[in-house]
There are 6 protein chains.
Amino acid sequence: MKNKSQHFSHLDKQGKASMVDVSSKPDQVRRATATGRLVCQAATIRLLRQKALKKGDALTVAQIAGIQAAKQCATLIPLCHPLPLDHVRVEFTVKAGHIAITATTATTGKTGVEMEALTAVSAAALTLYDMMKAVDKTMRIEAVKVASKTKETTHQH
Amino acid sequence: MKNKSQHFSHLDKQGKASMVDVSSKPDQVRRATATGRLVCQAATIRLLRQKALKKGDALTVAQIAGIQAAKQCATLIPLCHPLPLDHVRVEFTVKAGHIAITATTATTGKTGVEMEALTAVSAAALTLYDMMKAVDKTMRIEAVKVASKTKETTHQH
Amino acid sequence: MKNKSQHFSHLDKQGKASMVDVSSKPDQVRRATATGRLVCQAATIRLLRQKALKKGDALTVAQIAGIQAAKQCATLIPLCHPLPLDHVRVEFTVKAGHIAITATTATTGKTGVEMEALTAVSAAALTLYDMMKAVDKTMRIEAVKVASKTKETTHQH
Amino acid sequence: MKNKSQHFSHLDKQGKASMVDVSSKPDQVRRATATGRLVCQAATIRLLRQKALKKGDALTVAQIAGIQAAKQCATLIPLCHPLPLDHVRVEFTVKAGHIAITATTATTGKTGVEMEALTAVSAAALTLYDMMKAVDKTMRIEAVKVASKTKETTHQH
Amino acid sequence: MKNKSQHFSHLDKQGKASMVDVSSKPDQVRRATATGRLVCQAATIRLLRQKALKKGDALTVAQIAGIQAAKQCATLIPLCHPLPLDHVRVEFTVKAGHIAITATTATTGKTGVEMEALTAVSAAALTLYDMMKAVDKTMRIEAVKVASKTKETTHQH
Amino acid sequence: MKNKSQHFSHLDKQGKASMVDVSSKPDQVRRATATGRLVCQAATIRLLRQKALKKGDALTVAQIAGIQAAKQCATLIPLCHPLPLDHVRVEFTVKAGHIAITATTATTGKTGVEMEALTAVSAAALTLYDMMKAVDKTMRIEAVKVASKTKETTHQH
């Protein structure tokens, strides 16, 4: 954030929105991990654990929602590039007062996949919210952010 | 959260996921407001304000993303009911260290629209993240929650 | 277009985009018809007629594309209200130098369906373009507009 | 199938495809149940049962896929009417040589929901196929059909 | 199906669902063919043939539905990888008591396309069902399965 | 258009629709530009300019709609190949009696992107129509066509 050459991605010199041209970028294996959490009451967590021990359904539904949302990222985020995904994983850690969510995504392509990972975390959190809202009016989604992002050259023969 | 009759919505007696039956519920005008914020560096906000003053684009793109996502809510959240929306509004307040997001939704239908409002807030926040991620690696989405929810009987003649 | 009270739909007093609130509007049967045409070379029309006489496929594919696009209208046009459709029809008249397209839509709802009809015409025209572009580089879509729009009170007992 | 007045739905007098006009039909609570089965090897069922006892994931993923597909019915089946759904339920019975699938759907609207139920069964079957295809090359989807269909007048005041 | 190392695709060691990581797999031309049939009354087939001879519409609508559904496969089947498709073909053989459906798909990518072919067959069958359900209450979808699956190394320079 | 070998793309030898097989084509950087215009009253343009000077919203909403529609091209146009997009840009020139629209698209793939560019122009025009229809009943979309189309060999190492 130091000088005038700073600019937002997706805004051109005239400040107009566009999906930036990545055609000259090489195909690389690009990975990203995003995290976030759904904060809720301890009683809600206990109820989830009981259900989870019996059926595990609430977490599985949220897991699927996260994976599906990652695939829909370019539909949801207007200036994201549509791209094939090589991998999506959504995982939960159930804590005393919140559910921690981690999403990992990978593509072989010309642009990164952190928005896909963030979208997966958000959709998983929203789905948990939807499934638990009948018993807890205090929930909130917190700390949705990128944890890591890497790229590596592909070696195909 | 007081007794055994507590249960999660969308899980039946056997703990199986389903989209609950609302066919016996009356059509009512149902409204919801959700809020959240994208926390970022002060320098990012300054850059946004400069752009905003000139073009307003970043916020408008996020606004459209929020509105479009509200319509896609039932596609993203597996156990949400698909329903027509009478109204979606997404608004921003640009603060020194974050952008506050408010989404308001309304339907005339058999079930509430707070998930639509929460989805709009999340998509708007993700879109802002996407547009500003080139200049700020510290951003995170915080405090996404329902602010209010109402229903009223319709009077159609 | 005479005075200051004129305003665009979907822009509020501050000029911000929103999906306007129609919750206080009555459910009415609303119909719309839109028209347009794909202008092409006479030789392309002859080829289409030969195919049409044998198989009819090109026009049927475009017809389906138009119907499907009408259903996707609120996904494509950001500030359109999502609504159930009671009826969609797409028809073609093959002329010497163009294909005339007419789309008719109906809903029982709180807002009109002319955008759905226009979207159906556009998607049908684009589909014909796609199917005939290998033989004709001169095609263009012309005169896409609303032909009529009505609403009538429903009488349900 | 007795006389000349017989006709396919969605084909008009000229044999052209259209989404038929249901605007004059009353809103009624319409329900449908469809069934089908995924036939597989006994060893595959044993493996599923082991997983199911531990985690239940494969069936839950298929259940969510079925529910989500029901909502997408009008996108998949060109001449289906888009309509809000009041209820979707997908259930499985794991047998020795197959998994039986039952889907139930309901709407308050102008047209039936058996295609939504059939679509839910098909998507659930395809999802089970996808999750078990690494261990069983013999699977096939059989007997997808409508089991029942009802409608009843709504009483809203 | 012989030993403990057997596992379902899309379930990790803990039995959790994920979209498996294919980033280290080579891009190959991958093809698949799936088949299925819609079983119906002889009178329905006669009616279809009459229509088919005149207009061909019912089969063309189903053909388009199958092609479109193949493209939506990763949206419908939660753990399928989204991927570009190089080819989709849907064909019908009208028999005395059923309509046989064959779908062929191809991609240049890191994972197979048999789910896309199966999805195309299912959507085509459902669409035929939808178009003929007014005249035949006995129809059922049978024998949806993979007929063949191949991959070959690409040679691009 | 000179001889019998002429044929429509997407129709095979039997005249049946299919998504043609491009698996043997090389990946190339393919670009296309399409243009069109929304013709409206001079007073509408003046109103747009006033709004545009203040907020720029109407054009930005249409710009986003065009970009999003380009990504949905293969969903809208039945026989288009789904493919990742490297770039989408939508631009407007506001004239006295119309708004000129230009869309540019690029992919690295096996087939061209002129349908994506045409779809972007159409969706942008429809969105402007939607936002201005309250003040102008005379609007029509004209001259939607391909302006240019190129391909170049990629050089990746």
# chains A, B, ... in the order shown; residues from 1 in each chain; ligands from 1
$ closest_atom_pairs --of "chain E" --to "chain D" --cutoff "6 Å" --atoms "only C-alpha atoms" --output "tab-separated table"
residue	atom	partner	partner_atom	distance
E:Phe8	CA	D:Met132	CA	5.2
E:Ser9	CA	D:Met131	CA	5.5
E:Ile77	CA	D:Thr127	CA	5.4
E:Thr127	CA	D:Ile77	CA	5.4
E:Met131	CA	D:Ser9	CA	5.4
E:Met132	CA	D:Phe8	CA	5.2
E:Ala134	CA	D:Ser9	CA	5.7
E:Arg140	CA	D:Lys145	CA	4.7
E:Ile141	CA	D:Val144	CA	4.9
E:Glu142	CA	D:Glu142	CA	4.4
E:Ala143	CA	D:Glu142	CA	5.3
E:Val144	CA	D:Ile141	CA	4.9
E:Lys145	CA	D:Arg140	CA	4.8
$ select_by_dssp --residues "chain E" --states "helix (DSSP H, G or I)" --output "ChimeraX atom specification"
/E:42-54,57-71,73-76,114-132
$ write_last_selection --atoms "N, CA and C atoms" --output "short mmCIF file (atom, residue, chain, number, x, y, z; two decimals), in the first residue's frame"
data_model
loop_
_atom_site.label_atom_id
_atom_site.label_comp_id
_atom_site.auth_asym_id
_atom_site.auth_seq_id
_atom_site.Cartn_x
_atom_site.Cartn_y
_atom_site.Cartn_z
N ALA E 42 -46.99 -49.61 -25.71
CA ALA E 42 -46.86 -49.63 -27.17
C ALA E 42 -47.63 -48.46 -27.79
N ALA E 43 -48.77 -48.12 -27.21
CA ALA E 43 -49.57 -47.01 -27.75
C ALA E 43 -48.82 -45.68 -27.64
N THR E 44 -48.05 -45.53 -26.59
CA THR E 44 -47.26 -44.30 -26.40
C THR E 44 -46.19 -44.20 -27.48
N ILE E 45 -45.57 -45.33 -27.74
CA ILE E 45 -44.55 -45.37 -28.80
C ILE E 45 -45.17 -45.02 -30.15
N ARG E 46 -46.36 -45.56 -30.40
CA ARG E 46 -47.02 -45.24 -31.68
C ARG E 46 -47.28 -43.75 -31.79
N LEU E 47 -47.73 -43.18 -30.70
CA LEU E 47 -48.00 -41.74 -30.68
C LEU E 47 -46.70 -40.94 -30.89
N LEU E 48 -45.64 -41.38 -30.24
CA LEU E 48 -44.35 -40.72 -30.41
C LEU E 48 -43.88 -40.81 -31.85
N ARG E 49 -44.06 -41.99 -32.44
CA ARG E 49 -43.63 -42.17 -33.84
C ARG E 49 -44.41 -41.23 -34.77
N GLN E 50 -45.70 -41.13 -34.54
CA GLN E 50 -46.49 -40.22 -35.37
C GLN E 50 -45.95 -38.80 -35.24
N LYS E 51 -45.77 -38.38 -34.01
CA LYS E 51 -45.23 -37.04 -33.77
C LYS E 51 -43.83 -36.93 -34.37
N ALA E 52 -43.05 -37.98 -34.17
CA ALA E 52 -41.66 -37.93 -34.61
C ALA E 52 -41.58 -37.79 -36.12
N LEU E 53 -42.42 -38.54 -36.79
CA LEU E 53 -42.42 -38.45 -38.24
C LEU E 53 -42.79 -37.05 -38.69
N LYS E 54 -43.75 -36.45 -37.99
CA LYS E 54 -44.17 -35.10 -38.37
C LYS E 54 -43.17 -34.03 -37.92
N ASP E 57 -40.10 -33.37 -32.45
CA ASP E 57 -39.82 -32.49 -31.32
C ASP E 57 -39.51 -33.21 -30.01
N ALA E 58 -40.32 -34.20 -29.66
CA ALA E 58 -40.15 -34.82 -28.34
C ALA E 58 -38.72 -35.33 -28.18
N LEU E 59 -38.21 -36.01 -29.18
CA LEU E 59 -36.85 -36.54 -29.08
C LEU E 59 -35.81 -35.42 -29.07
N THR E 60 -36.05 -34.38 -29.85
CA THR E 60 -35.07 -33.28 -29.86
C THR E 60 -35.04 -32.57 -28.52
N VAL E 61 -36.20 -32.36 -27.92
CA VAL E 61 -36.22 -31.71 -26.60
C VAL E 61 -35.43 -32.55 -25.59
N ALA E 62 -35.64 -33.86 -25.64
CA ALA E 62 -34.93 -34.74 -24.71
C ALA E 62 -33.42 -34.77 -24.99
N GLN E 63 -33.09 -34.68 -26.27
CA GLN E 63 -31.68 -34.65 -26.67
C GLN E 63 -30.98 -33.40 -26.10
N ILE E 64 -31.64 -32.28 -26.22
CA ILE E 64 -31.08 -31.03 -25.67
C ILE E 64 -30.99 -31.12 -24.15
N ALA E 65 -32.02 -31.67 -23.54
CA ALA E 65 -32.00 -31.80 -22.08
C ALA E 65 -30.83 -32.66 -21.63
N GLY E 66 -30.55 -33.73 -22.35
CA GLY E 66 -29.43 -34.59 -22.01
C GLY E 66 -28.10 -33.87 -22.15
N ILE E 67 -27.93 -33.15 -23.24
CA ILE E 67 -26.68 -32.41 -23.46
C ILE E 67 -26.49 -31.36 -22.38
N GLN E 68 -27.55 -30.61 -22.09
CA GLN E 68 -27.44 -29.56 -21.07
C GLN E 68 -27.14 -30.15 -19.69
N ALA E 69 -27.75 -31.30 -19.40
CA ALA E 69 -27.54 -31.92 -18.09
C ALA E 69 -26.10 -32.41 -17.94
N ALA E 70 -25.52 -32.92 -19.03
CA ALA E 70 -24.11 -33.35 -18.96
C ALA E 70 -23.23 -32.20 -18.52
N LYS E 71 -23.51 -31.01 -19.02
CA LYS E 71 -22.72 -29.83 -18.64
C LYS E 71 -22.92 -29.45 -17.17
N CYS E 73 -23.37 -31.61 -14.73
CA CYS E 73 -23.12 -32.80 -13.92
C CYS E 73 -22.50 -32.45 -12.57
N ALA E 74 -21.48 -31.60 -12.57
CA ALA E 74 -20.78 -31.31 -11.30
C ALA E 74 -21.64 -30.47 -10.35
N THR E 75 -22.66 -29.86 -10.87
CA THR E 75 -23.61 -29.15 -10.00
C THR E 75 -24.57 -30.14 -9.36
N LEU E 76 -24.90 -31.19 -10.10
CA LEU E 76 -25.89 -32.17 -9.62
C LEU E 76 -25.29 -33.23 -8.72
N GLU E 114 -17.76 -40.56 -17.09
CA GLU E 114 -18.92 -41.46 -17.11
C GLU E 114 -20.10 -40.89 -16.34
N MET E 115 -19.85 -40.08 -15.31
CA MET E 115 -20.99 -39.48 -14.60
C MET E 115 -21.73 -38.49 -15.51
N GLU E 116 -20.97 -37.79 -16.36
CA GLU E 116 -21.59 -36.87 -17.30
C GLU E 116 -22.49 -37.64 -18.29
N ALA E 117 -22.00 -38.81 -18.74
CA ALA E 117 -22.80 -39.61 -19.68
C ALA E 117 -24.05 -40.17 -19.00
N LEU E 118 -23.88 -40.65 -17.77
CA LEU E 118 -25.04 -41.17 -17.02
C LEU E 118 -26.06 -40.06 -16.74
N THR E 119 -25.56 -38.88 -16.43
CA THR E 119 -26.46 -37.75 -16.16
C THR E 119 -27.23 -37.37 -17.41
N ALA E 120 -26.56 -37.40 -18.56
CA ALA E 120 -27.23 -37.09 -19.83
C ALA E 120 -28.34 -38.10 -20.11
N VAL E 121 -28.06 -39.37 -19.90
CA VAL E 121 -29.09 -40.40 -20.12
C VAL E 121 -30.28 -40.17 -19.18
N SER E 122 -29.98 -39.91 -17.92
CA SER E 122 -31.07 -39.72 -16.94
C SER E 122 -31.93 -38.52 -17.29
N ALA E 123 -31.29 -37.41 -17.64
CA ALA E 123 -32.07 -36.19 -17.95
C ALA E 123 -32.88 -36.37 -19.23
N ALA E 124 -32.32 -37.07 -20.20
CA ALA E 124 -33.07 -37.32 -21.43
C ALA E 124 -34.28 -38.21 -21.13
N ALA E 125 -34.08 -39.22 -20.29
CA ALA E 125 -35.19 -40.11 -19.93
C ALA E 125 -36.27 -39.35 -19.16
N LEU E 126 -35.85 -38.52 -18.21
CA LEU E 126 -36.81 -37.74 -17.43
C LEU E 126 -37.59 -36.78 -18.33
N THR E 127 -36.92 -36.21 -19.32
CA THR E 127 -37.60 -35.27 -20.22
C THR E 127 -38.63 -35.99 -21.09
N LEU E 128 -38.27 -37.16 -21.59
CA LEU E 128 -39.27 -37.95 -22.35
C LEU E 128 -40.45 -38.29 -21.44
N TYR E 129 -40.14 -38.69 -20.22
CA TYR E 129 -41.19 -38.99 -19.25
C TYR E 129 -42.12 -37.79 -19.11
N ASP E 130 -41.53 -36.62 -18.93
CA ASP E 130 -42.32 -35.39 -18.74
C ASP E 130 -43.22 -35.12 -19.93
N MET E 131 -42.71 -35.35 -21.13
CA MET E 131 -43.48 -35.01 -22.33
C MET E 131 -44.55 -36.04 -22.65
N MET E 132 -44.41 -37.24 -22.12
CA MET E 132 -45.38 -38.29 -22.45
C MET E 132 -46.25 -38.67 -21.26
#
$ select_by_dssp --residues "stretch 23-157 of chain E" --states "strand (DSSP E)" --output "ChimeraX atom specification"
/E:28-39,87-94,98-109,140-153
$ residues_around --residues "stretch 98-113 of chain D" --least-positions-apart "5" --cutoff "7 Å" --atoms "only C-alpha atoms" --output "ChimeraX atom specification"
/B:23 /D:22,25-40,84-93,120-121
$ write_last_selection --atoms "N, CA and C atoms" --output "mmCIF file, in the first residue's frame"
data_model
loop_
_atom_site.group_PDB
_atom_site.id
_atom_site.type_symbol
_atom_site.label_atom_id
_atom_site.label_comp_id
_atom_site.auth_asym_id
_atom_site.auth_seq_id
_atom_site.Cartn_x
_atom_site.Cartn_y
_atom_site.Cartn_z
ATOM 1 N N SER B 23 -46.030 -26.803 3.816
ATOM 2 C CA SER B 23 -47.239 -26.616 2.993
ATOM 3 C C SER B 23 -48.447 -26.158 3.796
ATOM 4 N N VAL D 22 -50.529 -22.563 -17.446
ATOM 5 C CA VAL D 22 -51.275 -23.031 -16.272
ATOM 6 C C VAL D 22 -51.854 -21.857 -15.474
ATOM 7 N N LYS D 25 -55.195 -22.274 -13.728
ATOM 8 C CA LYS D 25 -55.351 -23.349 -12.746
ATOM 9 C C LYS D 25 -55.274 -22.789 -11.326
ATOM 10 N N PRO D 26 -56.004 -23.396 -10.389
ATOM 11 C CA PRO D 26 -55.953 -22.903 -9.009
ATOM 12 C C PRO D 26 -54.676 -23.362 -8.301
ATOM 13 N N ASP D 27 -54.250 -22.576 -7.322
ATOM 14 C CA ASP D 27 -53.171 -23.020 -6.443
ATOM 15 C C ASP D 27 -53.706 -24.142 -5.565
ATOM 16 N N GLN D 28 -53.032 -25.265 -5.598
ATOM 17 C CA GLN D 28 -53.423 -26.385 -4.741
ATOM 18 C C GLN D 28 -52.168 -26.988 -4.128
ATOM 19 N N VAL D 29 -52.338 -27.647 -2.985
ATOM 20 C CA VAL D 29 -51.209 -28.378 -2.415
ATOM 21 C C VAL D 29 -51.080 -29.669 -3.215
ATOM 22 N N ARG D 30 -49.967 -29.808 -3.879
ATOM 23 C CA ARG D 30 -49.736 -30.941 -4.765
ATOM 24 C C ARG D 30 -48.541 -31.715 -4.239
ATOM 25 N N ARG D 31 -48.713 -33.013 -4.115
ATOM 26 C CA ARG D 31 -47.663 -33.879 -3.588
ATOM 27 C C ARG D 31 -47.379 -35.016 -4.570
ATOM 28 N N ALA D 32 -46.161 -35.513 -4.538
ATOM 29 C CA ALA D 32 -45.823 -36.665 -5.368
ATOM 30 C C ALA D 32 -44.740 -37.484 -4.676
ATOM 31 N N THR D 33 -44.767 -38.771 -4.936
ATOM 32 C CA THR D 33 -43.719 -39.660 -4.451
ATOM 33 C C THR D 33 -43.200 -40.465 -5.635
ATOM 34 N N ALA D 34 -41.887 -40.545 -5.756
ATOM 35 C CA ALA D 34 -41.267 -41.354 -6.805
ATOM 36 C C ALA D 34 -40.297 -42.325 -6.147
ATOM 37 N N THR D 35 -40.073 -43.438 -6.814
ATOM 38 C CA THR D 35 -39.159 -44.450 -6.285
ATOM 39 C C THR D 35 -38.211 -44.918 -7.385
ATOM 40 N N GLY D 36 -37.156 -45.578 -6.960
ATOM 41 C CA GLY D 36 -36.202 -46.151 -7.890
ATOM 42 C C GLY D 36 -35.198 -46.954 -7.095
ATOM 43 N N ARG D 37 -34.262 -47.601 -7.792
ATOM 44 C CA ARG D 37 -33.239 -48.298 -7.010
ATOM 45 C C ARG D 37 -31.916 -48.364 -7.763
ATOM 46 N N LEU D 38 -30.855 -48.390 -6.973
ATOM 47 C CA LEU D 38 -29.531 -48.614 -7.524
ATOM 48 C C LEU D 38 -29.157 -50.055 -7.210
ATOM 49 N N VAL D 39 -29.051 -50.855 -8.250
ATOM 50 C CA VAL D 39 -28.708 -52.268 -8.096
ATOM 51 C C VAL D 39 -27.190 -52.398 -8.082
ATOM 52 N N CYS D 40 -26.659 -53.120 -7.098
ATOM 53 C CA CYS D 40 -25.207 -53.277 -7.017
ATOM 54 C C CYS D 40 -24.857 -54.639 -6.422
ATOM 55 N N PRO D 84 -42.013 -22.854 -6.515
ATOM 56 C CA PRO D 84 -41.454 -23.020 -5.176
ATOM 57 C C PRO D 84 -41.822 -24.396 -4.640
ATOM 58 N N LEU D 85 -40.964 -24.989 -3.842
ATOM 59 C CA LEU D 85 -41.246 -26.302 -3.254
ATOM 60 C C LEU D 85 -41.471 -26.133 -1.754
ATOM 61 N N ASP D 86 -42.544 -26.731 -1.249
ATOM 62 C CA ASP D 86 -42.839 -26.675 0.185
ATOM 63 C C ASP D 86 -42.104 -27.759 0.955
ATOM 64 N N HIS D 87 -41.687 -28.808 0.256
ATOM 65 C CA HIS D 87 -41.150 -29.969 0.959
ATOM 66 C C HIS D 87 -40.412 -30.873 -0.021
ATOM 67 N N VAL D 88 -39.270 -31.371 0.415
ATOM 68 C CA VAL D 88 -38.572 -32.442 -0.316
ATOM 69 C C VAL D 88 -37.974 -33.387 0.715
ATOM 70 N N ARG D 89 -38.216 -34.659 0.545
ATOM 71 C CA ARG D 89 -37.618 -35.663 1.410
ATOM 72 C C ARG D 89 -37.087 -36.796 0.526
ATOM 73 N N VAL D 90 -35.877 -37.262 0.841
ATOM 74 C CA VAL D 90 -35.273 -38.380 0.101
ATOM 75 C C VAL D 90 -34.874 -39.431 1.127
ATOM 76 N N GLU D 91 -35.330 -40.656 0.940
ATOM 77 C CA GLU D 91 -35.037 -41.721 1.892
ATOM 78 C C GLU D 91 -34.498 -42.964 1.187
ATOM 79 N N PHE D 92 -33.716 -43.718 1.928
ATOM 80 C CA PHE D 92 -33.089 -44.918 1.375
ATOM 81 C C PHE D 92 -33.425 -46.136 2.226
ATOM 82 N N THR D 93 -33.576 -47.275 1.592
ATOM 83 C CA THR D 93 -33.622 -48.546 2.296
ATOM 84 C C THR D 93 -32.530 -49.420 1.684
ATOM 85 N N ALA D 120 -35.302 -36.025 -8.112
ATOM 86 C CA ALA D 120 -34.611 -36.280 -6.837
ATOM 87 C C ALA D 120 -34.126 -37.729 -6.768
ATOM 88 N N VAL D 121 -34.983 -38.669 -7.160
ATOM 89 C CA VAL D 121 -34.580 -40.084 -7.151
ATOM 90 C C VAL D 121 -33.390 -40.304 -8.086
#
